[in-house]
$ cat input-v3.txt   # compact mmCIF, C-alpha atoms and all ligand atoms
# COMPACT_ATOMS: atom_id res chain seq x y z
CA MET I 655 -4.59 133.13 69.39
CA PRO I 656 -3.00 133.91 72.79
CA THR I 657 -4.91 133.63 76.04
CA LEU I 658 -4.70 136.66 78.31
CA ALA I 659 -5.85 137.12 81.87
CA LEU I 660 -7.50 140.45 82.64
CA ILE I 661 -7.43 141.48 86.29
CA ALA I 662 -9.65 144.46 87.07
CA THR I 663 -8.88 146.46 90.20
CA GLY I 664 -11.07 149.57 89.70
CA GLY I 665 -9.98 153.10 88.79
CA THR I 666 -11.41 155.70 86.46
CA ILE I 667 -11.28 153.22 83.59
CA ALA I 668 -14.21 151.59 85.43
CA GLY I 669 -15.63 154.93 86.56
CA VAL I 670 -19.22 156.07 86.16
CA ALA I 671 -20.50 159.67 86.15
CA ALA I 672 -24.07 160.97 85.99
CA SER I 673 -23.31 162.90 82.82
CA ALA I 674 -21.26 162.07 79.71
CA THR I 675 -19.64 165.50 79.92
CA ASP I 676 -18.50 165.11 83.51
CA THR I 677 -14.85 164.00 83.57
CA THR I 678 -14.07 164.78 87.20
CA GLY I 679 -17.19 164.11 89.29
CA TYR I 680 -17.60 160.33 89.07
CA THR I 681 -17.30 157.13 91.06
CA ALA I 682 -14.09 155.26 90.25
CA GLY I 683 -14.14 151.46 90.10
CA ALA I 684 -17.92 151.19 89.67
CA LEU I 685 -17.97 148.90 86.62
CA GLY I 686 -16.97 145.24 86.68
CA ALA I 687 -14.45 143.48 84.47
CA ASP I 688 -17.21 142.11 82.23
CA ALA I 689 -18.45 145.63 81.45
CA LEU I 690 -14.90 146.71 80.53
CA LEU I 691 -14.65 143.77 78.14
CA ALA I 692 -18.10 144.34 76.68
CA ALA I 693 -17.13 147.91 75.75
CA VAL I 694 -14.34 146.62 73.49
CA PRO I 695 -15.63 143.75 71.31
CA GLN I 696 -12.48 144.15 69.17
CA LEU I 697 -10.52 142.43 71.97
CA ALA I 698 -11.86 139.15 70.56
CA GLU I 699 -9.62 139.73 67.53
CA VAL I 700 -6.53 140.05 69.75
CA ALA I 701 -6.79 137.25 72.30
CA GLN I 702 -9.01 134.98 74.28
CA ILE I 703 -9.52 136.83 77.52
CA ARG I 704 -10.25 135.42 80.95
CA ALA I 705 -11.46 138.29 83.06
CA GLU I 706 -11.58 138.50 86.83
CA GLN I 707 -12.41 141.22 89.30
CA LEU I 708 -9.89 141.46 92.13
CA PHE I 709 -10.83 144.84 93.64
CA LYS I 710 -13.19 147.71 92.85
CA LEU I 711 -11.03 150.48 94.21
CA ASP I 712 -10.27 154.08 93.58
CA SER I 713 -6.50 153.62 93.55
CA LYS I 714 -6.07 156.32 96.21
CA ASP I 715 -7.24 153.56 98.56
CA MET I 716 -4.74 150.92 97.43
CA GLU I 717 -2.63 149.75 100.33
CA PRO I 718 0.34 147.39 100.66
CA GLY I 719 -2.07 144.52 101.37
CA HIS I 720 -3.62 145.07 97.94
CA TRP I 721 -0.18 145.05 96.29
CA LEU I 722 0.54 141.72 97.95
CA ALA I 723 -2.80 140.15 96.97
CA LEU I 724 -2.42 141.38 93.38
CA GLY I 725 1.18 140.19 93.22
CA ARG I 726 0.21 136.70 94.43
CA ARG I 727 -2.57 136.47 91.83
CA VAL I 728 -0.35 137.70 88.99
CA GLN I 729 2.42 135.28 89.98
CA ALA I 730 -0.09 132.39 89.95
CA LEU I 731 -1.14 133.40 86.42
CA LEU I 732 2.49 133.76 85.31
CA ASP I 733 3.04 130.21 86.53
CA ASP I 734 -0.07 128.93 84.68
CA ASP I 735 0.83 127.38 81.31
CA ALA I 736 -2.62 128.23 79.95
CA ILE I 737 -1.98 131.99 80.24
CA ASP I 738 0.25 133.90 77.80
CA GLY I 739 0.08 137.38 79.29
CA ILE I 740 -1.65 139.49 81.88
CA VAL I 741 -3.45 142.83 81.65
CA ILE I 742 -4.30 144.75 84.82
CA THR I 743 -6.70 147.69 84.91
CA HIS I 744 -5.95 150.16 87.69
CA GLY I 745 -6.54 153.74 88.77
CA THR I 746 -3.98 156.24 87.57
CA ASP I 747 -3.41 157.91 90.95
CA THR I 748 -1.19 155.24 92.51
CA LEU I 749 -0.51 153.12 89.44
CA GLU I 750 3.20 153.92 89.70
CA GLU I 751 3.46 152.28 93.13
CA THR I 752 1.64 149.11 92.09
CA ALA I 753 3.71 148.89 88.89
CA ALA I 754 6.94 149.23 90.90
CA PHE I 755 5.81 146.60 93.41
CA LEU I 756 5.04 144.11 90.63
CA GLN I 757 8.27 144.83 88.77
CA LEU I 758 10.33 144.32 91.92
CA THR I 759 8.63 141.12 93.12
CA LEU I 760 7.38 139.06 90.16
CA ALA I 761 9.34 136.24 88.56
CA GLY I 762 8.69 135.29 84.95
CA THR I 763 9.07 136.51 81.39
CA LYS I 764 5.43 136.68 80.24
CA PRO I 765 4.13 140.22 79.66
CA VAL I 766 2.44 141.92 82.61
CA VAL I 767 0.78 145.12 81.39
CA LEU I 768 -1.00 147.72 83.49
CA THR I 769 -3.40 150.19 81.97
CA ALA I 770 -5.84 152.84 83.17
CA ALA I 771 -7.81 155.86 81.98
CA MET I 772 -8.14 159.55 82.72
CA ARG I 773 -11.81 159.80 81.73
CA PRO I 774 -14.55 157.65 83.23
CA ALA I 775 -16.17 154.96 81.10
CA THR I 776 -19.30 157.11 80.73
CA ALA I 777 -17.47 160.14 79.29
CA LEU I 778 -17.61 161.41 75.74
CA SER I 779 -14.35 160.25 74.14
CA ALA I 780 -13.49 158.02 77.10
CA ASP I 781 -9.86 156.91 76.79
CA GLY I 782 -10.33 153.61 78.66
CA PRO I 783 -11.57 151.39 75.80
CA MET I 784 -8.64 152.21 73.50
CA ASN I 785 -6.20 151.96 76.40
CA LEU I 786 -7.56 148.50 77.24
CA TYR I 787 -7.39 147.42 73.62
CA ASN I 788 -3.80 148.67 73.30
CA ALA I 789 -2.78 146.99 76.57
CA ALA I 790 -4.15 143.66 75.30
CA CYS I 791 -2.20 144.12 72.05
CA VAL I 792 0.96 144.73 74.11
CA ALA I 793 0.34 141.69 76.33
CA ALA I 794 -0.33 139.50 73.29
CA HIS I 795 2.76 140.66 71.39
CA PRO I 796 5.81 138.35 71.37
CA ASP I 797 8.22 141.32 71.64
CA SER I 798 6.73 142.19 75.03
CA ALA I 799 8.16 139.08 76.70
CA GLY I 800 11.09 139.55 79.05
CA ARG I 801 10.54 143.26 79.57
CA GLY I 802 9.21 143.01 83.11
CA THR I 803 6.12 144.93 84.14
CA LEU I 804 4.94 147.41 81.51
CA VAL I 805 2.48 150.27 81.55
CA SER I 806 0.51 150.84 78.36
CA PHE I 807 -1.13 154.23 78.47
CA GLY I 808 -2.19 156.75 75.86
CA GLU I 809 0.14 156.54 72.90
CA ALA I 810 3.02 154.94 74.73
CA ILE I 811 4.44 151.86 76.43
CA PHE I 812 6.52 152.56 79.56
CA PRO I 813 8.71 150.41 81.80
CA ALA I 814 7.35 150.25 85.36
CA LEU I 815 10.35 151.80 87.11
CA GLY I 816 10.79 155.53 86.68
CA LEU I 817 7.14 156.02 85.78
CA ARG I 818 5.09 158.71 87.45
CA LYS I 819 1.78 160.42 86.94
CA CYS I 820 2.62 163.97 85.87
CA GLN I 821 -0.77 165.37 84.89
CA THR I 822 -4.04 165.62 86.78
CA HIS I 823 -6.35 166.14 83.80
CA ARG I 824 -4.55 165.68 80.50
CA LEU I 825 -4.89 162.35 78.73
CA ASP I 826 -1.11 161.92 78.38
CA ALA I 827 -0.83 161.73 82.14
CA PHE I 828 2.31 159.59 82.55
CA ALA I 829 6.00 160.06 81.90
CA GLY I 830 9.22 158.24 82.71
CA THR I 831 12.18 159.83 84.47
CA SER I 832 14.85 159.82 81.77
CA ALA I 833 14.21 156.89 79.46
CA GLY I 834 10.56 157.77 78.81
CA ALA I 835 8.51 155.51 76.59
CA ILE I 836 10.12 152.32 75.28
CA GLY I 837 7.50 151.59 72.66
CA ARG I 838 4.27 152.63 71.00
CA HIS I 839 1.05 151.20 69.58
CA ASP I 840 -0.72 150.60 66.28
CA PRO I 841 1.08 148.36 65.71
CA VAL I 842 2.97 147.49 68.90
CA ARG I 843 6.58 148.47 68.31
CA TYR I 844 9.54 148.75 70.69
CA PHE I 845 12.36 151.21 70.19
CA ALA I 846 14.97 148.67 71.40
CA PRO I 847 15.16 144.90 71.79
CA ALA I 848 14.34 143.39 75.19
CA ALA I 849 17.34 143.10 77.50
CA ASP I 850 17.77 139.92 79.53
CA ALA I 851 14.62 139.08 81.41
CA PRO I 852 14.78 140.79 84.80
CA ALA I 853 14.90 138.41 87.72
CA ARG I 854 12.82 138.86 90.83
CA THR I 855 14.49 141.58 92.88
CA PHE I 856 12.78 141.11 96.23
CA ALA I 857 10.65 138.33 97.63
CA ALA I 858 7.22 139.70 98.55
CA PRO I 859 6.44 139.04 102.21
CA ALA I 860 3.44 136.94 103.19
CA ASP I 861 1.45 139.78 104.70
CA ALA I 862 1.33 143.56 104.78
CA ALA I 863 2.42 143.73 108.42
CA ALA I 864 5.85 142.60 107.22
CA LEU I 865 6.19 145.63 104.94
CA PRO I 866 7.67 148.28 107.24
CA ARG I 867 6.45 151.84 107.32
CA VAL I 868 8.44 154.15 105.06
CA ASP I 869 7.47 157.83 104.88
CA VAL I 870 8.11 160.35 102.14
CA LEU I 871 9.04 163.84 103.33
CA TYR I 872 8.60 166.64 100.82
CA VAL I 873 11.31 169.22 101.42
CA GLY I 874 10.40 172.76 100.43
CA ALA I 875 12.28 175.99 101.06
CA GLY I 876 12.25 176.36 104.83
CA THR I 877 10.51 173.05 105.63
CA PRO I 878 11.43 172.30 109.28
CA PRO I 879 13.71 169.25 109.68
CA ASP I 880 11.95 168.22 112.88
CA LEU I 881 9.69 166.18 110.57
CA VAL I 882 12.47 163.58 110.50
CA ASP I 883 12.27 162.86 114.23
CA LEU I 884 8.49 163.04 114.06
CA VAL I 885 8.07 160.25 111.53
CA VAL I 886 10.71 158.11 113.23
CA ALA I 887 8.89 158.56 116.57
CA ASN I 888 5.68 157.50 114.79
CA GLY I 889 7.24 154.24 113.61
CA ALA I 890 8.88 154.92 110.25
CA ARG I 891 11.66 152.41 109.64
CA GLY I 892 12.86 154.19 106.53
CA ILE I 893 12.57 157.67 104.99
CA VAL I 894 12.43 158.89 101.41
CA LEU I 895 13.19 162.56 100.93
CA ALA I 896 11.59 164.37 97.99
CA LEU I 897 14.35 166.95 97.71
CA PRO I 898 14.79 170.04 95.54
CA GLY I 899 16.66 169.52 92.28
CA ASN I 900 19.31 166.81 92.12
CA GLY I 901 18.81 165.74 95.74
CA SER I 902 19.91 169.03 97.34
CA LEU I 903 19.65 168.76 101.12
CA PRO I 904 19.10 172.07 102.98
CA ALA I 905 21.84 172.70 105.56
CA GLY I 906 19.44 172.44 108.49
CA TRP I 907 18.57 168.86 107.51
CA GLU I 908 22.16 167.56 107.50
CA THR I 909 22.46 166.81 111.23
CA PRO I 910 19.02 165.20 111.68
CA ILE I 911 19.57 163.04 108.59
CA ALA I 912 23.09 161.99 109.68
CA ARG I 913 21.71 161.11 113.12
CA THR I 914 18.86 159.11 111.58
CA VAL I 915 21.16 157.15 109.28
CA ALA I 916 23.52 156.46 112.21
CA ALA I 917 20.54 155.07 114.14
CA GLY I 918 19.97 152.50 111.39
CA ILE I 919 17.05 154.19 109.62
CA PRO I 920 17.89 154.23 105.89
CA VAL I 921 17.28 157.46 103.99
CA VAL I 922 16.73 157.53 100.22
CA CYS I 923 17.16 160.84 98.40
CA ALA I 924 14.70 161.35 95.53
CA SER I 925 13.87 164.56 93.69
CA ARG I 926 10.72 166.59 93.98
CA ALA I 927 11.33 167.76 90.38
CA VAL I 928 8.53 166.24 88.32
CA LEU I 929 10.84 164.18 86.12
CA GLY I 930 14.04 164.39 88.10
CA ALA I 931 16.59 161.64 88.66
CA VAL I 932 19.10 161.90 91.51
CA ASN I 933 22.71 161.00 90.69
CA ARG I 934 24.65 158.86 93.08
CA LYS I 935 27.69 161.12 92.62
CA THR I 936 25.83 163.99 94.26
CA LEU I 937 25.54 162.05 97.48
CA ASP I 938 29.17 160.97 97.84
CA ASP I 939 29.65 163.65 100.48
CA ARG I 940 26.57 162.53 102.36
CA PRO I 941 27.51 159.06 103.60
CA GLY I 942 24.73 156.68 104.45
CA THR I 943 21.99 158.06 102.28
CA VAL I 944 21.01 156.34 99.05
CA ALA I 945 20.35 158.14 95.75
CA ALA I 946 16.97 157.17 94.25
CA GLY I 947 18.40 157.26 90.73
CA GLU I 948 15.54 157.16 88.25
CA LEU I 949 12.91 156.26 90.85
CA PRO I 950 10.39 158.91 91.84
CA ALA I 951 9.86 159.24 95.59
CA SER I 952 6.66 157.17 95.35
CA GLN I 953 8.52 154.20 93.85
CA ALA I 954 11.62 154.62 96.02
CA ARG I 955 9.27 154.19 99.01
CA VAL I 956 7.97 150.87 97.63
CA ALA I 957 11.52 149.65 96.94
CA LEU I 958 12.71 150.62 100.42
CA MET I 959 9.71 148.90 102.04
CA LEU I 960 10.61 145.72 100.17
CA ALA I 961 14.30 145.99 101.05
CA LEU I 962 13.46 146.45 104.72
CA ALA I 963 10.95 143.57 104.64
CA GLY I 964 13.77 141.35 103.39
CA GLY I 965 15.76 142.40 106.45
CA ASP I 966 18.49 144.00 104.39
CA ALA I 967 18.14 147.72 103.81
CA THR I 968 21.53 147.76 102.11
CA ALA I 969 20.05 145.58 99.34
CA LEU I 970 18.41 148.67 97.90
CA ASP I 971 21.66 150.60 98.04
CA ARG I 972 23.46 147.81 96.20
CA LEU I 973 20.74 147.41 93.58
CA LEU I 974 20.62 151.13 92.88
CA ALA I 975 24.42 151.33 92.80
CA ASP I 976 24.65 148.41 90.38
CA GLY I 977 22.15 150.10 88.14
CA TYR I 978 19.87 147.08 88.44
CA ILE I 979 17.15 149.44 89.50
CA PRO I 980 17.69 152.27 87.00
N1 LIG Q 1001 -8.85 158.42 91.38
C1 LIG Q 1001 -8.73 157.55 90.21
C2 LIG Q 1001 -7.97 156.31 90.62
O1 LIG Q 1001 -6.77 156.40 90.76
C3 LIG Q 1001 -8.07 158.27 89.12
C4 LIG Q 1001 -7.90 157.50 87.85
O2 LIG Q 1001 -8.03 156.30 87.76
O3 LIG Q 1001 -7.55 158.17 86.84
O4 LIG Q 1001 -8.55 155.29 90.83
$ encode --input "input-v3.txt" --output "structure tokens" --more "lines below"
Ligand code: ASP
Amino acid sequence: MPTLALIATGGTIAGVAASATDTTGYTAGALGADALLAAVPQLAEVAQIRAEQLFKLDSKDMEPGHWLALGRRVQALLDDDAIDGIVITHGTDTLEETAAFLQLTLAGTKPVVLTAAMRPATALSADGPMNLYNAACVAAHPDSAGRGTLVSFGEAIFPALGLRKCQTHRLDAFAGTSAGAIGRHDPVRYFAPAADAPARTFAAPADAAALPRVDVLYVGAGTPPDLVDLVVANGARGIVLALPGNGSLPAGWETPIARTVAAGIPVVCASRAVLGAVNRKTLDDRPGTVAAGELPASQARVALMLALAGGDATALDRLLADGYIP
């Protein structure tokens, strides 16, 4: 039987409400890892589980320092011969950022599987226990090796990159940009064989101060472009634009963006469309900016922070161009 590490970080999966019918008014991250395990005795049929509590956070309060601490702990477990796979429980709100950070910084082929829940642990028909059980099945499954960081949620298994939370209340809250789910549960089954194990893309810096500020600007019809100078004046070292459609830049933004890029502040163009990718081809006439490809703005921000921390903002451009980051 495999041995899995369970790292609990909080979220609704560990949430407690006063009433079993209350699915929105609750305290996230209230229960400890032991309580999560105790709710699913069937886990004993899947793996031996070593549980630890790293944080008790509502994931809205996750910060880069938490990503770094979690990444260090997961890497230590990946390097531990006694551990076969890792399950991480997390809030759904910023799960996509943490998943991207882990995917881009971890080295190793053992399964790393994030899961979460939309209903608190106290709710009627809470989704957390089954999600935790399924995530353990994914982490224990030999076909999960070499697939990088995975997210097991609801009926589906997703790759970390391209994932985003698309629903605020429905149980099927996550979707991927273009590829969507790569597998499903009961039993664990993948739709395609694992590609070559992804290598570590960026080295995680030692502390959060080394992860530069990158801001996401949401561009609506008529949004004033003076926001660009504002965030740069406030210390942003990189900008991600959440643009309409396939990265369409309003005419009034062209000069401020060109000036910003010329000043050495990289600009990544993502889409504000819920499941939109941005093609590189679209940006050929906009030199200097980088197309986010399959990454939502939230994940493009994490990737750009890591590229800047490594002192080479063009690394992200190259990785996106090579299709290494989808
Ligand atoms: N606010 C919660 C969190 O992200 C939401 C959830 O977990 O579903 O921690």
$ residues_around --input "input-v3.txt" --residues "Leu949 of chain I" --least-positions-apart "6" --cutoff "7 Å" --atoms "only C-alpha atoms" --output "PyMOL selection string"
chain I and resi 815-816+931
$ closest_residue --input "input-v3.txt" --among "I:Glu750, I:Asp676, I:Asp840, I:Asp738" --to "ligand LIG 1001 (chain Q)" --atoms "only C-alpha atoms and all ligand atoms"
I:Glu750
$ residues_around --input "input-v3.txt" --residues "segment 758-774 of chain I" --least-positions-apart "6" --cutoff "8 Å" --atoms "all atoms listed in the file" --output "count of residues only"
58
$ residues_near_point --input "input-v3.txt" --point "(22.1, 156.0, 86.4)" --cutoff "7 Å" --atoms "only C-alpha atoms" --output "PDB file with C-alpha atoms, in the coordinates of the input"
ATOM      1  CA  ASN I 933      22.710 161.000  90.690  1.00  0.00           C
ATOM      2  CA  GLY I 947      18.400 157.260  90.730  1.00  0.00           C
ATOM      3  CA  GLU I 948      15.540 157.160  88.250  1.00  0.00           C
ATOM      4  CA  GLY I 977      22.150 150.100  88.140  1.00  0.00           C
ATOM      5  CA  PRO I 980      17.690 152.270  87.000  1.00  0.00           C
TER       6      PRO I 980
END
$ atom_distance --input "input-v3.txt" --atom1 "atom CA of Ala975 of chain I" --atom2 "atom CA of Asp883 of chain I"
27.2 Å
$ closest_residue --input "input-v3.txt" --among "I:Ala705, I:Ala687, I:Val894, I:Gly719" --to "Gln953 of chain I" --atoms "all atoms listed in the file"
I:Val894
$ atom_distance --input "input-v3.txt" --atom1 "atom CA of Ala951 of chain I" --atom2 "atom CA of Arg926 of chain I"
7.6 Å
$ decode --input "input-v3.txt" --residues "segment 718-839 of chain I" --atoms "C-alpha atoms" --output "compact mmCIF listing (two decimals), in the first residue's frame"
# COMPACT_ATOMS: atom_id res chain seq x y z
CA PRO I 718 3.61 34.48 -1.96
CA GLY I 719 5.27 33.61 1.36
CA HIS I 720 2.75 30.79 1.79
CA TRP I 721 3.46 29.50 -1.72
CA LEU I 722 7.16 29.39 -0.88
CA ALA I 723 6.66 27.61 2.46
CA LEU I 724 4.30 25.09 0.87
CA GLY I 725 6.66 24.54 -2.06
CA ARG I 726 9.60 23.88 0.27
CA ARG I 727 7.57 21.36 2.28
CA VAL I 728 6.27 19.57 -0.82
CA GLN I 729 9.78 19.41 -2.31
CA ALA I 730 11.10 17.87 0.94
CA LEU I 731 8.36 15.22 0.73
CA LEU I 732 9.07 14.60 -2.96
CA ASP I 733 12.69 13.98 -1.99
CA ASP I 734 11.68 11.60 0.84
CA ASP I 735 11.89 7.95 -0.25
CA ALA I 736 9.22 7.00 2.30
CA ILE I 737 6.56 9.09 0.53
CA ASP I 738 4.88 7.98 -2.71
CA GLY I 739 2.62 10.94 -3.37
CA ILE I 740 1.30 14.14 -1.89
CA VAL I 741 -2.24 15.46 -1.42
CA ILE I 742 -2.80 19.11 -0.54
CA THR I 743 -6.12 20.48 0.69
CA HIS I 744 -6.65 24.13 -0.17
CA GLY I 745 -9.34 26.78 -0.57
CA THR I 746 -10.84 27.05 -4.03
CA ASP I 747 -10.54 30.84 -4.32
CA THR I 748 -6.81 31.03 -5.08
CA LEU I 749 -6.11 27.36 -5.71
CA GLU I 750 -5.15 28.15 -9.31
CA GLU I 751 -2.27 30.38 -8.20
CA THR I 752 -0.87 27.86 -5.72
CA ALA I 753 -1.21 25.05 -8.29
CA ALA I 754 0.68 27.13 -10.87
CA PHE I 755 3.41 28.02 -8.39
CA LEU I 756 3.95 24.35 -7.50
CA GLN I 757 3.88 23.22 -11.13
CA LEU I 758 6.46 25.84 -12.10
CA THR I 759 8.88 25.27 -9.20
CA LEU I 760 8.79 21.63 -8.06
CA ALA I 761 11.19 18.96 -9.28
CA GLY I 762 10.18 15.31 -9.22
CA THR I 763 7.84 12.80 -10.80
CA LYS I 764 5.75 11.70 -7.81
CA PRO I 765 2.11 12.82 -7.93
CA VAL I 766 1.29 16.14 -6.27
CA VAL I 767 -2.49 16.53 -6.10
CA LEU I 768 -4.44 19.53 -4.86
CA THR I 769 -8.06 19.26 -3.84
CA ALA I 770 -10.68 21.47 -2.22
CA ALA I 771 -14.43 21.78 -1.71
CA MET I 772 -17.25 24.18 -2.46
CA ARG I 773 -19.35 23.25 0.57
CA PRO I 774 -18.08 23.41 4.14
CA ALA I 775 -17.45 20.17 6.02
CA THR I 776 -20.62 20.72 8.08
CA ALA I 777 -22.95 21.01 5.06
CA LEU I 778 -25.54 18.50 3.94
CA SER I 779 -23.95 16.71 0.97
CA ALA I 780 -20.54 18.26 1.62
CA ASP I 781 -18.30 17.64 -1.39
CA GLY I 782 -15.03 17.67 0.57
CA PRO I 783 -14.93 14.04 1.78
CA MET I 784 -15.38 12.56 -1.71
CA ASN I 785 -12.97 15.11 -3.18
CA LEU I 786 -10.36 14.11 -0.58
CA TYR I 787 -10.94 10.43 -1.23
CA ASN I 788 -10.64 10.92 -5.00
CA ALA I 789 -7.49 13.03 -4.60
CA ALA I 790 -5.88 10.26 -2.54
CA CYS I 791 -6.83 7.72 -5.23
CA VAL I 792 -5.18 9.97 -7.83
CA ALA I 793 -2.03 10.43 -5.74
CA ALA I 794 -1.80 6.68 -5.10
CA HIS I 795 -2.29 5.72 -8.76
CA PRO I 796 0.80 4.75 -10.78
CA ASP I 797 -0.52 6.52 -13.90
CA SER I 798 -0.40 9.84 -12.05
CA ALA I 799 3.41 9.88 -11.93
CA GLY I 800 5.21 12.31 -14.21
CA ARG I 801 2.19 14.51 -14.82
CA GLY I 802 3.35 17.43 -12.70
CA THR I 803 0.98 19.11 -10.27
CA LEU I 804 -2.62 17.94 -10.64
CA VAL I 805 -5.92 19.23 -9.34
CA SER I 806 -8.52 16.61 -8.47
CA PHE I 807 -11.89 18.24 -8.08
CA GLY I 808 -15.47 17.12 -8.57
CA GLU I 809 -15.60 14.54 -11.31
CA ALA I 810 -12.37 15.51 -12.98
CA ILE I 811 -8.57 15.60 -12.85
CA PHE I 812 -6.99 18.77 -14.26
CA PRO I 813 -3.41 19.81 -15.02
CA ALA I 814 -2.33 22.79 -12.89
CA LEU I 815 -1.63 25.21 -15.74
CA GLY I 816 -4.66 26.65 -17.48
CA LEU I 817 -6.91 25.91 -14.53
CA ARG I 818 -9.22 28.57 -13.16
CA LYS I 819 -12.17 28.78 -10.83
CA CYS I 820 -15.16 29.59 -13.03
CA GLN I 821 -18.07 29.24 -10.63
CA THR I 822 -18.80 30.86 -7.29
CA HIS I 823 -21.42 28.37 -6.05
CA ARG I 824 -21.71 25.35 -8.31
CA LEU I 825 -19.90 22.19 -7.29
CA ASP I 826 -18.16 21.86 -10.69
CA ALA I 827 -16.30 25.08 -10.00
CA PHE I 828 -13.13 24.56 -12.06
CA ALA I 829 -12.29 24.39 -15.74
CA GLY I 830 -9.17 24.40 -17.88
CA THR I 831 -8.52 26.84 -20.71
CA SER I 832 -8.57 24.60 -23.77
CA ALA I 833 -7.43 21.14 -22.75
CA GLY I 834 -9.89 20.82 -19.86
CA ALA I 835 -9.83 17.69 -17.75
CA ILE I 836 -7.14 15.08 -18.47
CA GLY I 837 -8.71 12.31 -16.44
CA ARG I 838 -11.56 11.20 -14.23
CA HIS I 839 -12.31 9.11 -11.14
